[in-house]
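Colleague: Here you go, one structure.
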Amino acid sequence: MTLKKMNTPIAHRYRMLRTSSLPGLTMSKTRYLPGRLPIHAHAHARFVFVVDGEFTEQCNGQHRECRAGTVLFRPPGTFHSDRFGPRSSTSISVDIEPQWLDRLRQSGLTLAHVASLGSTLSAHLAERLDREMEAPDPASGIAIESILLESAVAASRSTEAVDERGAPVWLRRAIAFLRAELSRTVTLAEIGQAAGVHPAHLARVFRRTQGCSVGEYVRRLRVHAARRALDTSRAPLAEIAASAGFADQSHLCRTFKRSVGVTPGRYRTLVRRR
C-alpha cells in the first residue's frame with residue numbers, strides 16, 4: 001500500500017491530508033472547510049467515512065445529516081451536494097473501481113443504491129479505517145479491505161431500495177423493531193441502529209412515508225395493543241398499561257381516551273355488552 005501526506009490546498013473549500021491506494025481502491029482523507037460544495041457526481045462508486053465534524057448531504061431528493069461515525073455509500077454517477085459547518089469536517093473517501101464491485105457481485109452481494117449508516121458499527125468502521133490511514137503497516141492493506149467488506153455488507157442490508165409501496169426497505173426493520181420493543185421507551189438512535197440508517201434520516205423518511213412522527217406511530221401501536229388486550233382479556237388496567245409500554249395506568253387512560261374517544265374502562269364495558 002502506498003501512502004502520502006499532502007499539506008498543499010487543492011481547492012479553497014477543502015484540503016487533502018492523505019492518500020492511499022490498493023488494487024481497485026483509491027482512498028483520500030480530506031478536511032472540508034465550512035461552506036457548500038455544489039451538486040456533482042463521481043465516476044466511481046464511493047464510500048465516505050465521516051471521521052470528524054458534520055455536514056448535510058442532499059442526494060436523491062433526501063437530506064442526510066452526516067456526523068462523525070456516519071458511513072455513506074453512493075453508486076457511480078450519483079449526483080449530490082454537501083454543506084459543511086459550522087466548523088471543519090474530516091472524512092475518508094474510498095473510490096471503488098468496477099472490478100472490486102464485480103468481486104462483490106460474484107459473492108452474491110450487490111451495491112446498487114445509496115446507503116447511509118449511522119450506528120455503533122459504522123462509527124467503529126470509520127475509526128478503524130482512520131487508524132489504518134494514519135499509521136499504516138504491512139498488514140494495513142488486508143485490514144482496510146476487511147473494513148470495506150464489512151461496510152459493503154452493512155450497506156447492502158441498509159439501502160434506499162424501495163418496496164412495492166414506494167417505502168424504503170429498511171423501514172420494515174424499523175417498524176419491526178418498534179413492535180418488538182413496544183413495552184419500553186426506545187430512542188431514535190436505537191431505532192436507527194436496528195434499521196441501519198442515520199436517526200435524522202429515519203425521522204424524515206418515516207414522517208414522509210407514514211404520515212406521522214415516530215413518536216405518534218408508537219402511540220398508535222400502544223393504543224392498538226391496549227385495545228386488543230381489552231378485547232381479549234380481563235387483565236387489570238395497570239397490567240395492560242405496562243405491557244403496552246405506557247408509563248402507568250393514568251398515562252394509558254389519557255392517551256386511550258384521546259385516541260379512541262372513551263376511557264379504557266368504558267371501552268371494556270362496551271365490548272362486553274356487544
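Chain labels run A, B, ... following the order of the C-alpha cells; each chain numbers its residues from 1, and ligands are numbered from 1 in the order shown.
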Taking 3 positions as the minimum chain separation for residues in the same chain, which residues sit within 9 Å of A:Ser122 when counting only C-alpha atoms? Answer as a PyMOL selection string.

Modeller: chain A and resi 49+69-71+117-119+125-127+151+154

Colleague: Enumerate as a ChimeraX atom specification all residues of stretch 8-226 of chain A assigned to helix (DSSP H, G or I) by DSSP on the backbone, naming them with the chain letters and numbers the document uses.

Modeller: /A:98-106,120-134,140-157,170-180,188-195,199-210,214-226

Colleague: When distances are computed from only C-alpha atoms, which of A:Asp137, A:Glu181, A:Asp231, A:Glu57 shows the smallest separation from A:Val114?

Modeller: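 The shortest atom-to-atom distance to A:Val114 comes from A:Glu57.
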
Colleague: With distances taken over only C-alpha atoms, which residue among A:Ser88, A:Ser243, A:Ser233, A:Gln193 lies nearest A:Leu121?

Modeller: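 Residue with the minimum atom-to-atom distance to A:Leu121: A:Gln193.
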
Colleague: Work out how far apart atom CA of A:Cys59 and atom CA of A:Leu202 are and give it in Å to one decimal.

Modeller: 14.7 Å

Colleague: Could you state the separation of atom CA of A:Phe73 and atom CA of A:Val205 in Å, given to one decimal place?

Modeller: 17.8 Å

Colleague: Can you list every residue in stretch 66-215 of chain A that DSSP puts in strand (DSSP E or B), as a ChimeraX atom specification?

Modeller: /A:66-67,71-74,80-84,89-96,115-117,162,168

Colleague: With a distance cut-off of 7 Å and only C-alpha atoms, select the neighbouring residues of A:Leu37, excluding the residue or stretch itself and same-chain residues fewer than 2 positions from it, and output the selection as a VMD selection string.

Modeller: chain A and resid 35 39 81 to 83

Colleague: Set the distance at 8 Å and use only C-alpha atoms: which residues neighbour A:His40 once local chain neighbours fewer than 3 positions away are removed? I'd like the list as a list in words.

Modeller: Thr78, Phe79, His80 and Ser81 of chain A

Colleague: Using only C-alpha atoms for the distances, tell me which of A:Leu149, A:Ala203, A:Leu230, A:Ile175 is nearest to A:Ile96.

Modeller: A:Leu149
